[in-house]
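> Pasting a structure here, questions to come.
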Amino acid sequence: MRHWLPLLSLVAVACSSQAPAAGSLAIDRPETKTDQLLIVSSPAFAHGGPIPARYSAYGANEMPPLAWSALPSGTRSLALLVEDPDAQAPQPFVHWVVWNLVPAAGGLPQAFAAVAQGKNGAGRAGWSGPHPPDTRPHHYHFELFALDTRLDLPADTDRDRLAAAMSGHVVGKGQLVGVFVKPKAR
């Protein structure tokens, strides 16, 4: 039993860490904590429904239209992260990093006037549509954050840097989840 004690102590410390788990979604991280919910929807797909191929890297890789409502008072800007927790690595795979969306626009693409986009999981700015390598369903979390400020971040900002910058500024959040399955070969 004595030789297990150091190992058990190490496991206890690791489990009690305040750092987010490697595979945790941004919406579940401590930096984005809030009780205020907002509504995120899309005319292209329902919550839990299939994302049309045109919005994937197998199709036209178009940015999907999104809409939002029930924003809390004091919302000055919005940030958006799209993540796939079903990806093998890195997990979750980040498909989009966006901040300074205009709240009054009510949705995309209208809110794209002064938007900033950071690095996705492929290391590039902009939308990277679904492209799962396997045939299992992948869940794409469109996570929208209402902020009480605009963010001044560099263009190479990634998911973790955005989450850190949002800390203490999230006044509301919501998500829309779409599912995509790799198309069968023709």
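Residues in the structure tokens are named by chain (A, B, ... in the order shown) and by number from 1 within that chain; ligands are numbered from 1 in the order shown.
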Tell me which protein, DNA and RNA residues are within 10 Å of Thr32 in chain A, counting only C-alpha atoms, leaving out same-chain ones fewer than 5 positions away, and put them as a list in words.
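Contacts, in chain order: Ala26, Ile27, Phe145, Ala146, Leu147, Ala163, Ala164, Ala165, Met166, Ser167, Gly168, His169, Val170, Val171, Gly172 and Lys173 of chain A.
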> May I have the selected residues written with N, CA and C atoms, as an mmCIF file, in the first residue's frame?

data_model
loop_
_atom_site.group_PDB
_atom_site.id
_atom_site.type_symbol
_atom_site.label_atom_id
_atom_site.label_comp_id
_atom_site.auth_asym_id
_atom_site.auth_seq_id
_atom_site.Cartn_x
_atom_site.Cartn_y
_atom_site.Cartn_z
ATOM 1 N N ALA A 26 -15.146 25.276 -25.023
ATOM 2 C CA ALA A 26 -14.983 26.630 -24.482
ATOM 3 C C ALA A 26 -16.191 27.032 -23.647
ATOM 4 N N ILE A 27 -17.376 26.613 -24.044
ATOM 5 C CA ILE A 27 -18.594 26.998 -23.331
ATOM 6 C C ILE A 27 -18.631 26.429 -21.915
ATOM 7 N N PHE A 145 -20.869 33.834 -27.389
ATOM 8 C CA PHE A 145 -20.657 34.489 -26.108
ATOM 9 C C PHE A 145 -20.978 35.972 -26.221
ATOM 10 N N ALA A 146 -21.866 36.471 -25.361
ATOM 11 C CA ALA A 146 -22.171 37.902 -25.271
ATOM 12 C C ALA A 146 -21.165 38.511 -24.298
ATOM 13 N N LEU A 147 -20.499 39.566 -24.731
ATOM 14 C CA LEU A 147 -19.458 40.197 -23.922
ATOM 15 C C LEU A 147 -19.832 41.629 -23.585
ATOM 16 N N ALA A 163 -10.474 32.661 -25.120
ATOM 17 C CA ALA A 163 -11.138 32.313 -23.851
ATOM 18 C C ALA A 163 -10.536 33.118 -22.698
ATOM 19 N N ALA A 164 -9.227 33.270 -22.674
ATOM 20 C CA ALA A 164 -8.574 34.048 -21.618
ATOM 21 C C ALA A 164 -9.006 35.515 -21.678
ATOM 22 N N ALA A 165 -9.107 36.071 -22.893
ATOM 23 C CA ALA A 165 -9.508 37.472 -23.051
ATOM 24 C C ALA A 165 -10.970 37.682 -22.661
ATOM 25 N N MET A 166 -11.806 36.666 -22.825
ATOM 26 C CA MET A 166 -13.222 36.777 -22.472
ATOM 27 C C MET A 166 -13.463 36.673 -20.966
ATOM 28 N N SER A 167 -12.513 36.134 -20.242
ATOM 29 C CA SER A 167 -12.676 35.914 -18.811
ATOM 30 C C SER A 167 -13.098 37.201 -18.095
ATOM 31 N N GLY A 168 -14.195 37.113 -17.354
ATOM 32 C CA GLY A 168 -14.718 38.250 -16.624
ATOM 33 C C GLY A 168 -15.591 39.175 -17.450
ATOM 34 N N HIS A 169 -15.750 38.887 -18.736
ATOM 35 C CA HIS A 169 -16.538 39.745 -19.629
ATOM 36 C C HIS A 169 -17.759 39.044 -20.225
ATOM 37 N N VAL A 170 -17.955 37.762 -19.944
ATOM 38 C CA VAL A 170 -19.063 37.006 -20.519
ATOM 39 C C VAL A 170 -20.336 37.310 -19.724
ATOM 40 N N VAL A 171 -21.318 37.918 -20.414
ATOM 41 C CA VAL A 171 -22.586 38.253 -19.751
ATOM 42 C C VAL A 171 -23.714 37.320 -20.200
ATOM 43 N N GLY A 172 -23.438 36.479 -21.191
ATOM 44 C CA GLY A 172 -24.413 35.504 -21.665
ATOM 45 C C GLY A 172 -23.750 34.554 -22.638
ATOM 46 N N LYS A 173 -24.331 33.372 -22.784
ATOM 47 C CA LYS A 173 -23.783 32.402 -23.736
ATOM 48 C C LYS A 173 -24.865 31.442 -24.171
#
> Please provide as a list in words all residues within 7 Å of range 53-56 of chain A, with the sequence filter that same-chain residues fewer than 5 positions apart are discarded (counting only C-alpha atoms).
Asn61, Glu62, Met63, Pro64, Gly129, Pro130 and His131 of chain A
> Next, dump the selected residues to file, keeping only C-alpha atoms, as a PDB file, in the first residue's frame.

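Okay, result_39.pdb is ready:
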ATOM      1  CA  ASN A  61     -17.125  25.274 -47.404  1.00  0.00           C
ATOM      2  CA  GLU A  62     -19.534  28.184 -46.991  1.00  0.00           C
ATOM      3  CA  MET A  63     -19.946  29.888 -43.644  1.00  0.00           C
ATOM      4  CA  PRO A  64     -23.332  28.742 -42.274  1.00  0.00           C
ATOM      5  CA  GLY A 129     -16.036  23.580 -42.466  1.00  0.00           C
ATOM      6  CA  PRO A 130     -16.666  20.043 -41.219  1.00  0.00           C
ATOM      7  CA  HIS A 131     -14.284  17.479 -42.699  1.00  0.00           C
TER       8      HIS A 131
END
> What gap, in Å, lies between CA of His138 in chain A and CA of Leu108 in chain A?
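Distance between the two atoms: 22.5 Å.
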> A:Ser128, A:Asn120, A:Gln175, A:Ser41: which is nearest Leu162 in chain A, counting only C-alpha atoms?
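Result for the nearest residue to Leu162 in chain A: A:Asn120.
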> In Å to one decimal, how far is CA of Leu66 in chain A from CA of Gln91 in chain A?
23.8 Å
> What are the closest atom pairs, with distances in Å to one decimal, for all residues of range 118-161 of chain A lying within 9 Å of range 99-106 of chain A? Consider only C-alpha atoms, order rows by chain and residue number, and present the result as a Markdown table.

| residue | atom | partner | partner_atom | distance |
| --- | --- | --- | --- | --- |
| A:Gly118 | CA | A:Trp99 | CA | 8.2 |
| A:Ala146 | CA | A:Pro103 | CA | 8.1 |
| A:Leu147 | CA | A:Asn100 | CA | 8.9 |
| A:Thr149 | CA | A:Asn100 | CA | 8.8 |
| A:Arg150 | CA | A:Asn100 | CA | 5.8 |
| A:Leu151 | CA | A:Asn100 | CA | 6.5 |
| A:Asp152 | CA | A:Asn100 | CA | 8.8 |
| A:Leu153 | CA | A:Trp99 | CA | 8.8 |
> Output C-alpha atoms for every residue in that selection, as a compact mmCIF listing (two decimals), in the first residue's frame.

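Once everything was written out, this is part.txt:
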# COMPACT_ATOMS: atom_id res chain seq x y z
CA GLY A 118 -8.35 34.07 -35.29
CA ALA A 146 -22.17 37.90 -25.27
CA LEU A 147 -19.46 40.20 -23.92
CA THR A 149 -16.68 44.84 -24.05
CA ARG A 150 -15.02 44.72 -27.46
CA LEU A 151 -11.78 42.75 -27.59
CA ASP A 152 -8.49 44.06 -28.91
CA LEU A 153 -6.65 40.89 -29.89
> Have a look at CA of Gly48 in chain A and CA of Arg29 in chain A and let me know their distance in Å, one decimal.
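CA of Gly48 in chain A sits 21.6 Å away from CA of Arg29 in chain A.
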> Please determine, counting only C-alpha atoms, which residue among A:Gly123, A:Arg161, A:Lys184, A:Glu143 has the shortest atom-to-atom distance to Leu78 in chain A.
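Of A:Gly123, A:Arg161, A:Lys184, A:Glu143, the one nearest Leu78 in chain A is A:Glu143, counting only C-alpha atoms.
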> Can you pull out every residue within 8 Å of Asp156 in chain A, counting only C-alpha atoms, but drop anything in the same chain fewer than 2 positions away, and send it as a ChimeraX atom specification?
/A:118-119,125,154,158
> From the DSSP assignment of the backbone, select every residue of range 24-114 of chain A that is strand (DSSP E), and format the answer as a count of residues only.
26
> Write out as a PyMOL selection string each polymer residue whose atoms come within 8 Å of Val40 in chain A, counting only C-alpha atoms; drop sequence neighbours fewer than 3 positions from it.
chain A and resi 66-69+144+174-176
> Only N, CA and C atoms, please: the residues just picked out, written as a PDB file, in the first residue's frame.

ATOM      1  N   LEU A  66     -26.161  32.094 -39.212  1.00  0.00           N
ATOM      2  CA  LEU A  66     -26.548  31.941 -37.818  1.00  0.00           C
ATOM      3  C   LEU A  66     -27.416  33.120 -37.414  1.00  0.00           C
ATOM      4  N   ALA A  67     -28.242  32.914 -36.410  1.00  0.00           N
ATOM      5  CA  ALA A  67     -29.065  33.991 -35.845  1.00  0.00           C
ATOM      6  C   ALA A  67     -28.952  33.904 -34.335  1.00  0.00           C
ATOM      7  N   TRP A  68     -29.127  35.059 -33.677  1.00  0.00           N
ATOM      8  CA  TRP A  68     -29.117  35.079 -32.222  1.00  0.00           C
ATOM      9  C   TRP A  68     -30.174  36.019 -31.694  1.00  0.00           C
ATOM     10  N   SER A  69     -30.609  35.717 -30.487  1.00  0.00           N
ATOM     11  CA  SER A  69     -31.611  36.550 -29.826  1.00  0.00           C
ATOM     12  C   SER A  69     -31.471  36.371 -28.318  1.00  0.00           C
ATOM     13  N   LEU A 144     -21.708  30.740 -28.812  1.00  0.00           N
ATOM     14  CA  LEU A 144     -21.776  32.197 -28.925  1.00  0.00           C
ATOM     15  C   LEU A 144     -21.715  32.810 -27.532  1.00  0.00           C
ATOM     16  N   GLY A 174     -24.655  30.854 -25.335  1.00  0.00           N
ATOM     17  CA  GLY A 174     -25.580  29.859 -25.860  1.00  0.00           C
ATOM     18  C   GLY A 174     -24.876  29.058 -26.935  1.00  0.00           C
ATOM     19  N   GLN A 175     -25.500  27.969 -27.335  1.00  0.00           N
ATOM     20  CA  GLN A 175     -24.882  27.166 -28.383  1.00  0.00           C
ATOM     21  C   GLN A 175     -25.923  26.474 -29.248  1.00  0.00           C
ATOM     22  N   LEU A 176     -25.483  26.208 -30.446  1.00  0.00           N
ATOM     23  CA  LEU A 176     -26.245  25.437 -31.423  1.00  0.00           C
ATOM     24  C   LEU A 176     -25.342  24.286 -31.823  1.00  0.00           C
TER      25      LEU A 176
END
> Measuring between only C-alpha atoms, which one of A:Pro109, A:Phe180, A:Asp28, A:Gly121 shows the shortest distance to Val97 in chain A?
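For Val97 in chain A, the nearest of the candidates is A:Gly121.
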> Could you check which of A:Gly126, A:Gly178, A:Pro132, A:Pro72 is closest to Leu37 in chain A, using only C-alpha atoms?
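Among the listed residues, A:Pro72 lies closest to Leu37 in chain A.
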> Measuring between only C-alpha atoms, which one of A:Gln117, A:Thr135, A:Gln110, A:Thr75 shows the shortest distance to Ala87 in chain A?
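Of all the options, A:Thr135 lies closest to Ala87 in chain A.
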